[in-house]
file work-v4.cif (mmCIF, C-alpha atoms)
data_upload
#
loop_
_atom_site.label_atom_id
_atom_site.label_comp_id
_atom_site.auth_asym_id
_atom_site.auth_seq_id
_atom_site.Cartn_x
_atom_site.Cartn_y
_atom_site.Cartn_z
CA MET A 188 0.00 0.00 0.00
CA PRO A 189 1.08 3.63 -0.22
CA LEU A 190 2.60 5.34 2.81
CA ILE A 191 -0.86 6.53 3.90
CA ARG A 192 -4.42 6.05 2.73
CA PRO A 193 -7.92 7.32 3.62
CA PHE A 194 -10.25 5.16 5.69
CA ALA A 195 -13.87 5.07 6.86
CA GLY A 196 -13.48 6.53 10.33
CA LEU A 197 -15.49 5.69 13.41
CA ARG A 198 -16.22 8.98 15.18
CA PRO A 199 -18.71 10.79 17.40
CA ALA A 200 -22.10 11.57 15.86
CA ALA A 201 -22.76 15.22 15.07
CA GLY A 202 -22.71 17.32 18.23
CA ARG A 203 -21.44 14.47 20.44
CA ALA A 204 -17.66 15.02 20.36
CA ALA A 205 -17.54 16.92 23.66
CA GLU A 206 -19.29 14.01 25.39
CA VAL A 207 -16.93 11.44 23.89
CA ILE A 208 -13.34 12.60 23.58
CA ALA A 209 -10.96 11.71 26.41
CA PRO A 210 -7.26 11.95 27.26
CA PRO A 211 -5.02 9.17 25.93
CA TYR A 212 -5.33 5.92 27.88
CA ASP A 213 -1.70 6.03 29.05
CA VAL A 214 -1.62 9.48 30.68
CA LEU A 215 -4.16 8.72 33.43
CA THR A 216 -4.19 6.26 36.29
CA ALA A 217 -7.34 4.18 36.76
CA GLU A 218 -8.31 6.44 39.68
CA GLU A 219 -7.84 9.61 37.62
CA ALA A 220 -9.77 8.09 34.71
CA LYS A 221 -12.65 7.13 36.99
CA ARG A 222 -12.91 10.69 38.29
CA ARG A 223 -12.75 12.15 34.77
CA ALA A 224 -15.48 9.78 33.54
CA ASP A 225 -17.78 10.32 36.51
CA GLY A 226 -21.14 11.51 35.23
CA ARG A 227 -20.02 11.09 31.62
CA PRO A 228 -21.52 7.83 30.34
CA TRP A 229 -20.24 8.39 26.80
CA SER A 230 -16.66 9.28 27.68
CA PHE A 231 -14.22 7.26 25.61
CA LEU A 232 -12.49 6.36 28.88
CA HIS A 233 -15.12 3.63 29.21
CA ILE A 234 -13.46 2.04 26.16
CA SER A 235 -9.82 3.01 26.63
CA LYS A 236 -9.75 2.46 30.44
CA PRO A 237 -12.63 -0.02 30.93
CA GLU A 238 -11.35 -1.14 34.33
CA ILE A 239 -13.10 1.96 35.69
CA ASP A 240 -16.40 0.09 35.16
CA LEU A 241 -15.24 -3.02 37.01
CA PRO A 242 -14.74 -3.69 40.74
CA GLU A 243 -11.90 -1.75 42.36
CA GLY A 244 -8.67 -3.69 42.29
CA THR A 245 -9.43 -5.50 39.01
CA ASP A 246 -6.23 -6.40 37.17
CA PRO A 247 -6.16 -3.94 34.22
CA TYR A 248 -4.77 -6.72 32.03
CA ALA A 249 -7.46 -9.28 32.95
CA PRO A 250 -9.59 -10.74 30.10
CA GLN A 251 -12.76 -9.20 31.52
CA VAL A 252 -11.24 -5.72 31.09
CA TYR A 253 -10.92 -6.13 27.33
CA ALA A 254 -14.36 -7.74 27.16
CA LYS A 255 -15.77 -4.70 28.99
CA ALA A 256 -14.13 -2.40 26.45
CA ARG A 257 -15.92 -4.25 23.66
CA GLU A 258 -19.21 -4.16 25.54
CA ASN A 259 -18.90 -0.40 26.03
CA LEU A 260 -18.00 0.16 22.39
CA ASP A 261 -21.01 -1.86 21.25
CA ARG A 262 -23.24 0.17 23.57
CA MET A 263 -22.02 3.47 22.13
CA LEU A 264 -22.59 2.16 18.62
CA ALA A 265 -26.07 0.88 19.45
CA GLU A 266 -27.03 4.23 20.98
CA GLY A 267 -25.77 6.15 17.97
CA VAL A 268 -23.13 8.03 19.95
CA LEU A 269 -20.45 6.72 17.57
CA ARG A 270 -20.98 6.31 13.85
CA ARG A 271 -18.79 5.04 11.05
CA ASP A 272 -18.40 6.98 7.83
CA ALA A 273 -19.80 5.30 4.74
CA ALA A 274 -16.64 5.61 2.63
CA PRO A 275 -12.88 6.19 3.07
CA ARG A 276 -11.90 9.73 3.93
CA TYR A 277 -9.05 11.79 5.30
CA TYR A 278 -9.57 14.01 8.33
CA VAL A 279 -7.90 17.26 9.34
CA TYR A 280 -7.23 17.45 13.08
CA ARG A 281 -6.32 20.72 14.80
CA LEU A 282 -5.06 21.04 18.36
CA ALA A 283 -5.09 24.48 19.98
CA THR A 284 -4.05 25.53 23.46
CA GLY A 285 -3.20 29.11 24.35
CA GLU A 286 -1.23 30.54 21.45
CA HIS A 287 -0.06 27.14 20.23
CA VAL A 288 -1.86 25.65 17.21
CA GLN A 289 -0.96 22.59 15.15
CA THR A 290 -2.87 21.15 12.22
CA GLY A 291 -2.37 17.62 10.95
CA LEU A 292 -3.89 14.78 8.97
CA VAL A 293 -5.67 11.69 10.29
CA ALA A 294 -4.86 8.75 8.03
CA ALA A 295 -4.28 5.02 7.90
CA ALA A 296 -0.49 4.57 7.87
CA SER A 297 1.21 1.60 6.26
CA VAL A 298 2.25 -1.25 8.55
CA ALA A 299 4.64 -2.43 5.83
CA ASP A 300 6.39 0.95 5.87
CA TYR A 301 6.57 0.76 9.66
CA VAL A 302 8.21 -2.67 9.42
CA SER A 303 10.68 -1.43 6.76
CA ASN A 304 11.45 1.65 8.91
CA ARG A 305 10.21 4.23 6.42
CA ILE A 306 7.95 5.15 9.33
CA ARG A 307 10.82 5.59 11.74
CA ARG A 308 10.95 4.90 15.45
CA HIS A 309 13.31 6.13 18.12
CA GLU A 310 12.25 4.22 21.27
CA LEU A 311 12.23 0.65 22.52
CA THR A 312 8.93 -0.82 23.69
CA ARG A 313 8.03 -2.83 26.77
CA PRO A 314 6.55 -6.27 26.05
CA ASP A 315 3.82 -5.97 28.70
CA LYS A 316 2.56 -2.66 27.29
CA GLU A 317 2.69 -4.02 23.75
CA ASP A 318 0.71 -7.08 24.84
CA ASP A 319 -1.92 -4.83 26.42
CA ARG A 320 -2.45 -2.87 23.20
CA VAL A 321 -2.57 -6.10 21.16
CA ARG A 322 -5.37 -7.44 23.37
CA GLN A 323 -7.23 -4.12 23.20
CA ILE A 324 -7.10 -4.00 19.40
CA GLN A 325 -8.14 -7.64 19.13
CA ALA A 326 -11.06 -7.20 21.52
CA LEU A 327 -12.37 -4.10 19.75
CA SER A 328 -11.41 -5.13 16.22
CA ALA A 329 -10.40 -1.49 15.97
CA GLN A 330 -7.51 0.84 16.69
CA THR A 331 -8.74 3.60 18.94
CA GLY A 332 -5.48 5.14 20.13
CA PRO A 333 -3.84 7.18 17.35
CA VAL A 334 -0.09 7.14 16.80
CA LEU A 335 1.39 10.64 16.71
CA LEU A 336 3.60 11.04 13.63
CA ALA A 337 5.66 13.93 12.27
CA HIS A 338 6.47 14.65 8.65
CA PRO A 339 9.37 16.71 7.26
CA GLU A 340 8.73 20.13 5.78
CA ALA A 341 6.12 19.91 3.02
CA PRO A 342 4.41 23.24 2.20
CA GLY A 343 2.06 21.54 -0.25
CA ILE A 344 0.60 19.36 2.50
CA ASP A 345 0.30 22.33 4.86
CA GLY A 346 -1.55 24.28 2.18
CA ILE A 347 -4.12 21.57 1.48
CA LEU A 348 -4.85 21.09 5.18
CA ALA A 349 -5.16 24.83 5.76
CA GLU A 350 -7.66 25.10 2.92
CA ALA A 351 -9.67 22.15 4.24
CA ALA A 352 -9.73 23.70 7.71
CA ALA A 353 -11.13 26.98 6.41
CA GLY A 354 -14.65 25.59 6.26
CA PRO A 355 -17.03 24.58 9.03
CA PRO A 356 -15.71 21.68 11.15
CA ALA A 357 -17.38 18.31 11.59
CA ALA A 358 -16.47 18.35 15.30
CA ASP A 359 -15.22 21.04 17.66
CA ALA A 360 -14.79 20.38 21.37
CA GLN A 361 -12.78 21.80 24.23
CA ALA A 362 -11.48 19.17 26.64
CA ASP A 363 -11.47 19.74 30.37
CA ASP A 364 -7.72 20.52 30.26
CA GLY A 365 -8.46 23.51 28.01
CA VAL A 366 -7.18 21.98 24.77
CA ARG A 367 -9.46 22.55 21.80
CA HIS A 368 -9.88 19.61 19.39
CA THR A 369 -11.31 20.38 15.95
CA LEU A 370 -11.93 17.98 13.07
CA TRP A 371 -12.73 18.49 9.38
CA VAL A 372 -13.55 15.79 6.85
CA ILE A 373 -11.91 15.57 3.41
CA GLU A 374 -13.97 13.51 0.96
CA ASP A 375 -13.16 15.08 -2.41
CA ALA A 376 -11.48 12.35 -4.48
CA THR A 377 -9.08 14.74 -6.23
CA VAL A 378 -7.94 16.33 -3.00
CA MET A 379 -7.46 12.91 -1.39
CA ALA A 380 -5.39 11.75 -4.37
CA ASN A 381 -3.20 14.87 -4.12
CA ILE A 382 -2.65 14.26 -0.42
CA GLY A 383 -1.59 10.69 -1.07
CA LYS A 384 0.88 11.77 -3.76
CA LEU A 385 2.43 14.49 -1.60
CA PHE A 386 2.98 12.04 1.25
CA GLU A 387 4.36 9.42 -1.15
CA ASP A 388 7.03 11.94 -2.13
CA LEU A 389 8.27 12.21 1.47
CA PRO A 390 11.38 10.23 2.41
CA ALA A 391 10.01 9.17 5.80
CA LEU A 392 7.57 9.76 8.63
CA TYR A 393 8.64 9.82 12.28
CA ILE A 394 6.90 8.33 15.30
CA ALA A 395 6.71 11.05 17.92
CA ASP A 396 4.46 9.26 20.40
CA GLY A 397 2.82 5.84 20.16
CA HIS A 398 5.60 3.28 19.79
CA HIS A 399 3.58 0.67 21.69
CA ARG A 400 0.43 1.35 19.64
CA SER A 401 2.26 1.05 16.31
CA ALA A 402 4.15 -2.08 17.37
CA ALA A 403 0.91 -3.66 18.58
CA ALA A 404 -0.86 -2.82 15.32
CA ALA A 405 1.91 -4.53 13.37
CA ARG A 406 1.65 -7.62 15.57
CA VAL A 407 -2.11 -7.79 15.15
CA ALA A 408 -1.80 -7.42 11.38
CA ALA A 409 0.73 -10.25 11.19
CA ASP A 410 -1.35 -12.46 13.47
CA ARG A 411 -4.48 -11.96 11.37
CA ARG A 412 -2.58 -13.06 8.24
CA GLY A 413 -0.63 -16.00 9.61
CA GLY A 414 2.60 -14.11 10.16
CA SER A 415 2.75 -12.02 6.99
CA ILE A 416 2.00 -8.34 6.36
CA SER A 417 -0.39 -7.32 3.59
CA ALA A 418 -0.26 -4.12 1.57
CA ASP A 419 -3.67 -3.30 3.07
CA ASP A 420 -2.53 -3.43 6.70
CA ALA A 421 -2.53 -0.05 8.40
CA PHE A 422 -2.58 1.69 11.75
CA LEU A 423 -4.36 4.81 12.96
CA ALA A 424 -2.14 7.90 12.78
CA VAL A 425 -2.33 11.66 13.11
CA ILE A 426 0.50 13.31 11.17
CA PHE A 427 1.68 16.86 11.92
CA PRO A 428 4.42 18.93 10.27
CA HIS A 429 7.46 18.62 12.52
CA HIS A 430 7.89 22.38 12.83
CA GLN A 431 4.46 22.76 14.45
CA MET A 432 4.99 20.14 17.13
CA ARG A 433 5.86 21.08 20.69
CA ILE A 434 8.11 18.99 22.93
CA LEU A 435 8.25 19.84 26.62
CA ASP A 436 10.96 18.89 29.06
CA TYR A 437 10.86 15.39 30.55
CA ASN A 438 12.36 15.66 34.01
CA ARG A 439 13.72 13.16 36.51
CA THR A 440 13.54 12.55 40.26
CA VAL A 441 15.66 10.10 42.25
CA ALA A 442 14.74 8.35 45.47
CA ASP A 443 18.18 8.55 47.15
CA LEU A 444 21.74 9.81 46.71
CA ASN A 445 23.34 6.36 46.65
CA GLY A 446 24.56 6.67 50.26
CA MET A 447 26.10 10.14 49.85
CA GLN A 448 25.39 13.22 51.92
CA PRO A 449 24.24 16.26 49.90
CA ALA A 450 27.59 18.06 50.22
CA ARG A 451 29.52 15.04 49.00
CA PHE A 452 27.03 14.55 46.15
CA LEU A 453 27.45 18.16 45.00
CA ALA A 454 31.23 17.80 45.11
CA ARG A 455 31.02 14.74 42.88
CA VAL A 456 28.66 16.53 40.49
CA ALA A 457 31.19 19.37 40.21
CA GLU A 458 33.71 16.95 38.72
CA ARG A 459 31.72 16.89 35.47
CA PHE A 460 29.47 19.95 35.64
CA ALA A 461 29.88 23.61 36.42
CA VAL A 462 27.67 24.09 39.51
CA GLU A 463 26.05 27.41 40.39
CA GLU A 464 23.56 27.99 43.19
CA ALA A 465 20.32 29.47 41.84
CA PRO A 466 17.89 31.79 43.65
CA ALA A 467 14.82 30.16 42.05
CA PRO A 468 13.79 26.91 40.35
CA VAL A 469 15.87 26.38 37.21
CA SER A 470 14.30 26.00 33.78
CA PRO A 471 17.32 25.20 31.57
CA GLY A 472 17.62 27.69 28.75
CA ALA A 473 20.00 25.79 26.49
CA ARG A 474 21.32 22.37 25.66
CA GLY A 475 23.84 21.01 28.14
CA GLU A 476 22.21 22.88 31.03
CA PHE A 477 20.28 21.26 33.88
CA GLY A 478 18.48 22.26 37.05
CA LEU A 479 19.07 20.38 40.28
CA CYS A 480 16.75 20.59 43.27
CA LEU A 481 18.47 19.26 46.40
CA GLY A 482 17.17 19.75 49.91
CA GLY A 483 14.81 22.45 48.65
CA ALA A 484 17.68 24.50 47.16
CA TRP A 485 18.20 24.86 43.40
CA TYR A 486 21.41 24.69 41.41
CA ARG A 487 22.19 25.32 37.76
CA LEU A 488 24.42 22.64 36.23
CA ARG A 489 26.33 23.00 32.95
CA ILE A 490 28.01 19.93 31.48
CA LEU A 491 31.71 20.49 30.75
CA PRO A 492 31.92 21.12 26.97
CA GLU A 493 34.60 18.52 26.39
CA LEU A 494 32.18 15.82 27.59
CA ILE A 495 29.66 16.45 24.77
CA PRO A 496 30.20 13.95 21.91
CA ALA A 497 29.04 14.19 18.29
CA ASP A 498 26.91 11.01 18.28
CA PRO A 499 23.20 11.92 17.82
CA VAL A 500 22.10 9.86 20.84
CA ALA A 501 25.05 10.40 23.18
CA ARG A 502 24.85 14.20 22.79
CA LEU A 503 21.23 14.39 23.96
CA ASP A 504 20.77 16.01 27.36
CA VAL A 505 18.93 12.93 28.64
CA SER A 506 22.00 10.86 27.65
CA LEU A 507 24.50 13.31 29.14
CA LEU A 508 22.66 13.29 32.47
CA SER A 509 22.64 9.49 32.54
CA GLU A 510 26.22 9.05 31.37
CA HIS A 511 27.82 11.62 33.66
CA LEU A 512 25.59 11.73 36.74
CA LEU A 513 22.88 9.11 37.13
CA ALA A 514 25.08 6.12 36.29
CA PRO A 515 28.49 6.99 37.79
CA LEU A 516 27.25 8.83 40.87
CA LEU A 517 23.88 7.26 41.69
CA ASP A 518 24.34 3.81 40.11
CA ILE A 519 21.13 4.23 38.10
CA ARG A 520 21.97 2.44 34.86
CA ASP A 521 18.71 1.00 33.54
CA LEU A 522 16.11 3.75 33.17
CA ARG A 523 13.45 1.27 32.06
CA ARG A 524 13.64 -0.91 35.17
CA ASP A 525 15.34 0.91 38.06
CA GLN A 526 12.73 1.73 40.70
CA ARG A 527 14.89 4.50 42.19
CA ILE A 528 14.17 6.90 39.33
CA ASP A 529 10.90 8.50 38.28
CA PHE A 530 9.96 10.73 35.36
CA VAL A 531 7.90 13.91 35.43
CA GLY A 532 6.44 15.45 32.27
CA GLY A 533 7.15 19.13 31.84
CA ILE A 534 3.42 19.92 31.77
CA ARG A 535 3.49 19.50 35.56
CA GLY A 536 6.00 22.34 35.98
CA LEU A 537 8.99 22.89 38.21
CA ALA A 538 6.76 23.18 41.27
CA GLU A 539 6.09 19.45 40.98
CA LEU A 540 9.82 18.72 41.18
CA HIS A 541 10.30 21.10 44.12
CA GLY A 542 7.35 19.59 45.96
CA ARG A 543 8.57 16.03 45.56
CA VAL A 544 11.94 16.92 47.05
CA THR A 545 10.71 19.09 49.93
CA SER A 546 8.06 16.51 50.86
CA GLY A 547 10.67 13.77 51.07
CA GLN A 548 9.16 11.83 48.19
CA ALA A 549 12.43 12.29 46.28
CA ALA A 550 16.00 12.98 47.36
CA ALA A 551 16.76 15.12 44.31
CA ALA A 552 15.14 16.28 41.09
CA PHE A 553 16.61 17.30 37.75
CA SER A 554 15.02 19.66 35.22
CA LEU A 555 16.11 19.27 31.59
CA HIS A 556 16.05 21.31 28.41
CA PRO A 557 13.49 19.83 25.98
CA THR A 558 14.69 17.49 23.27
CA SER A 559 14.16 19.06 19.83
CA MET A 560 12.26 17.56 16.90
CA GLU A 561 15.47 17.87 14.88
CA ASP A 562 17.28 15.71 17.44
CA LEU A 563 14.49 13.13 17.36
CA MET A 564 14.58 12.94 13.57
CA ALA A 565 18.39 12.73 13.50
CA VAL A 566 18.31 9.77 15.89
CA ALA A 567 15.59 8.02 13.87
CA ASP A 568 17.43 8.67 10.59
CA ALA A 569 20.56 7.10 12.10
CA HIS A 570 18.44 4.03 13.06
CA GLN A 571 19.33 4.58 16.70
CA ILE A 572 17.27 4.52 19.87
CA MET A 573 16.76 7.38 22.33
CA PRO A 574 16.88 6.78 26.08
CA PRO A 575 13.51 6.15 27.74
CA LYS A 576 11.40 9.18 28.58
CA SER A 577 13.25 11.57 26.28
CA THR A 578 10.26 13.49 24.92
CA TRP A 579 6.95 14.77 26.27
CA PHE A 580 4.64 16.08 23.56
CA GLU A 581 1.95 18.65 24.32
CA PRO A 582 -0.86 19.04 23.59
CA LYS A 583 -2.00 15.43 23.55
CA LEU A 584 -4.34 13.92 20.98
CA ALA A 585 -7.75 12.86 22.23
CA ASP A 586 -8.92 9.26 22.17
CA GLY A 587 -12.32 8.89 20.53
CA MET A 588 -12.11 11.67 17.95
CA VAL A 589 -11.53 9.15 15.12
CA SER A 590 -10.95 5.39 15.30
CA LEU A 591 -9.87 2.87 12.65
CA VAL A 592 -12.07 -0.22 12.35
CA LEU A 593 -10.34 -3.40 11.20
CA ASN A 594 -12.17 -4.98 8.28
#

call {"tool": "encode", "arguments": {"input": "work-v4.cif", "output": "structure tokens"}}
result
Amino acid sequence: MPLIRPFAGLRPAAGRAAEVIAPPYDVLTAEEAKRRADGRPWSFLHISKPEIDLPEGTDPYAPQVYAKARENLDRMLAEGVLRRDAAPRYYVYRLATGEHVQTGLVAAASVADYVSNRIRRHELTRPDKEDDRVRQIQALSAQTGPVLLAHPEAPGIDGILAEAAAGPPAADAQADDGVRHTLWVIEDATVMANIGKLFEDLPALYIADGHHRSAAAARVAADRRGGSISADDAFLAVIFPHHQMRILDYNRTVADLNGMQPARFLARVAERFAVEEAPAPVSPGARGEFGLCLGGAWYRLRILPELIPADPVARLDVSLLSEHLLAPLLDIRDLRRDQRIDFVGGIRGLAELHGRVTSGQAAAAFSLHPTSMEDLMAVADAHQIMPPKSTWFEPKLADGMVSLVLN
């Protein structure tokens, strides 16, 4: 199949989007999801986090959880809350929060191009999270969690989407976090053909967020065809121009100082970083700069320039912090498994880091400069893998705006 194609989307009926759309399944705990869905019987959380409708303490990976997701989907279909379009279409999806606006395309992306790495990844996946998404897709016979993709600069694509978004939208809803989600439908055959050609001319697409969802979709496709991939196999994607996407910092907290007292720890840090006490919480303003909250006080750290390599992964700030502080000083070497480290998305702000340290929940916290889209694309182009928790994209896509039904 081509890199992308239109599809007959499953989406909220006219006027129902505000009742349906929900945050992505993986940004909320079960408790948070239950609160967000309280009094909202048509919230997509009943499909994406169906454990909220089962007894407290239910294993979120239990078979009855996936069965409940299917039951809830069938109920929303039967009540006419969700409806499937009659023919394949593309959809324009706009996210707006404050002054930030990004406009992208909802499409079915090629599983074959994902397997061949034309749709490029930059993160490893965890088997348990992949398995969860596989079971969810199988139970629903649909992909409901979109993969966030980025495309290189393509003014022709931007122009078509801008023109499509000039008319009245098919759905327009503001989520309870203040993000506005707007959708337009493209059904003109000529326009759809032009979109497909413009994307076919691109060298690659890049997974920004959704590595587990895309990997699970590929596994489901192979399983349905006895181990092979067909040209028709696809996964649900929303594709934005890379220059419109916004990456926030992805910060770290640590549970202890590996047996060191704070003064000794700071002295060790100073062997590889320039250390300067700061009068306020530190939001790093450049690459190679970090904030450290220790005992309620803040310090600005700057990595010694001679320690910054040229390799696209090793030069990332998340890598520099691991290589020159977390591993040698704190003996934190496996970010995917070590229980002594935690990760805090930049959307929560520096106050979250300060509060965790002053409350005793963490011994120290580190604020980082955001990874850039150019860095992400350079790593993916080099067929390398970024460290875990390197990027936090905001705003988030909503679950339930458009879903891809498996035929």

call {"tool": "residues_around", "arguments": {"input": "work-v4.cif", "residues": "range 477-494 of chain A", "least_positions_apart": "4", "cutoff": "9 Å", "atoms": "all atoms listed in the file", "output": "PyMOL selection string"}}
result
chain A and resi 449+456-473+502+504+507-508+511+540-542+544-545+547+550-556

call {"tool": "atom_distance", "arguments": {"input": "work-v4.cif", "atom1": "CA of Tyr212 in chain A", "atom2": "CA of Ala195 in chain A"}}
result
22.7 Å

call {"tool": "atom_distance", "arguments": {"input": "work-v4.cif", "atom1": "CA of Arg270 in chain A", "atom2": "CA of Asp420 in chain A"}}
result
22.1 Å

call {"tool": "resolve_selection", "arguments": {"input": "work-v4.cif", "expression": "the PyMOL selection byres ((chain A and resi 196) around 6)", "output": "ChimeraX atom specification"}}
result
/A:194-195,197,271-272,589-591

call {"tool": "residues_around", "arguments": {"input": "work-v4.cif", "residues": "range 429-436 of chain A", "least_positions_apart": "2", "cutoff": "10 Å", "atoms": "all atoms listed in the file", "output": "JSON, numbers by chain"}}
result
{"A": [287, 288, 289, 290, 291, 336, 337, 338, 339, 340, 341, 392, 393, 395, 426, 427, 438, 439, 470, 471, 505, 531, 532, 533, 534, 535, 536, 554, 555, 556, 557, 558, 559, 560, 561, 564, 576, 577, 578, 579, 580, 581, 582]}

call {"tool": "closest_residue", "arguments": {"input": "work-v4.cif", "among": "A:Asp225, A:Asp396, A:Asp261, A:Glu374", "to": "Leu563 in chain A", "atoms": "all atoms listed in the file"}}
result
A:Asp396

call {"tool": "resolve_selection", "arguments": {"input": "work-v4.cif", "expression": "the PyMOL selection byres ((chain A and resi 233-236) around 10)", "output": "VMD selection string"}}
result
chain A and resid 207 209 to 213 215 to 217 220 to 221 224 227 to 232 237 to 240 247 252 to 261 263 323 327 331 to 332 586 to 587

call {"tool": "closest_residue", "arguments": {"input": "work-v4.cif", "among": "A:Val268, A:Ile324, A:Ala565, A:Val407", "to": "His309 in chain A", "atoms": "all atoms listed in the file"}}
result
A:Ala565

call {"tool": "build_atoms", "arguments": {"input": "work-v4.cif", "residues": "range 562-569 of chain A", "atoms": "all heavy atoms", "output": "compact mmCIF listing (two decimals), in the frame of the given file"}}
result
# COMPACT_ATOMS: atom_id res chain seq x y z
N ASP A 562 16.51 16.78 16.79
CA ASP A 562 17.28 15.71 17.44
C ASP A 562 16.57 14.37 17.28
O ASP A 562 17.19 13.34 16.99
CB ASP A 562 17.46 16.01 18.93
CG ASP A 562 18.54 17.05 19.19
OD1 ASP A 562 19.47 17.16 18.37
OD2 ASP A 562 18.47 17.73 20.22
N LEU A 563 15.25 14.37 17.49
CA LEU A 563 14.49 13.13 17.36
C LEU A 563 14.63 12.56 15.95
O LEU A 563 14.87 11.36 15.76
CB LEU A 563 13.02 13.41 17.68
CG LEU A 563 12.03 12.24 17.67
CD1 LEU A 563 10.84 12.53 18.58
CD2 LEU A 563 11.49 11.95 16.26
N MET A 564 14.50 13.40 14.95
CA MET A 564 14.58 12.94 13.57
C MET A 564 15.99 12.47 13.21
O MET A 564 16.16 11.49 12.48
CB MET A 564 14.10 14.06 12.63
CG MET A 564 12.62 14.39 12.80
SD MET A 564 12.10 15.96 12.06
CE MET A 564 12.16 15.54 10.32
N ALA A 565 17.01 13.14 13.76
CA ALA A 565 18.39 12.73 13.50
C ALA A 565 18.66 11.34 14.08
O ALA A 565 19.32 10.51 13.45
CB ALA A 565 19.37 13.74 14.08
N VAL A 566 18.14 11.08 15.27
CA VAL A 566 18.31 9.77 15.89
C VAL A 566 17.60 8.70 15.06
O VAL A 566 18.15 7.62 14.78
CB VAL A 566 17.78 9.78 17.34
CG1 VAL A 566 17.72 8.36 17.92
CG2 VAL A 566 18.65 10.67 18.22
N ALA A 567 16.36 8.99 14.66
CA ALA A 567 15.59 8.02 13.87
C ALA A 567 16.25 7.78 12.52
O ALA A 567 16.31 6.63 12.04
CB ALA A 567 14.16 8.51 13.70
N ASP A 568 16.76 8.82 11.89
CA ASP A 568 17.43 8.67 10.59
C ASP A 568 18.69 7.82 10.70
O ASP A 568 19.09 7.14 9.75
CB ASP A 568 17.77 10.03 9.99
CG ASP A 568 16.57 10.76 9.45
OD1 ASP A 568 15.54 10.10 9.17
OD2 ASP A 568 16.63 12.00 9.30
N ALA A 569 19.35 7.89 11.87
CA ALA A 569 20.56 7.10 12.10
C ALA A 569 20.23 5.68 12.56
O ALA A 569 21.13 4.91 12.86
CB ALA A 569 21.44 7.79 13.14
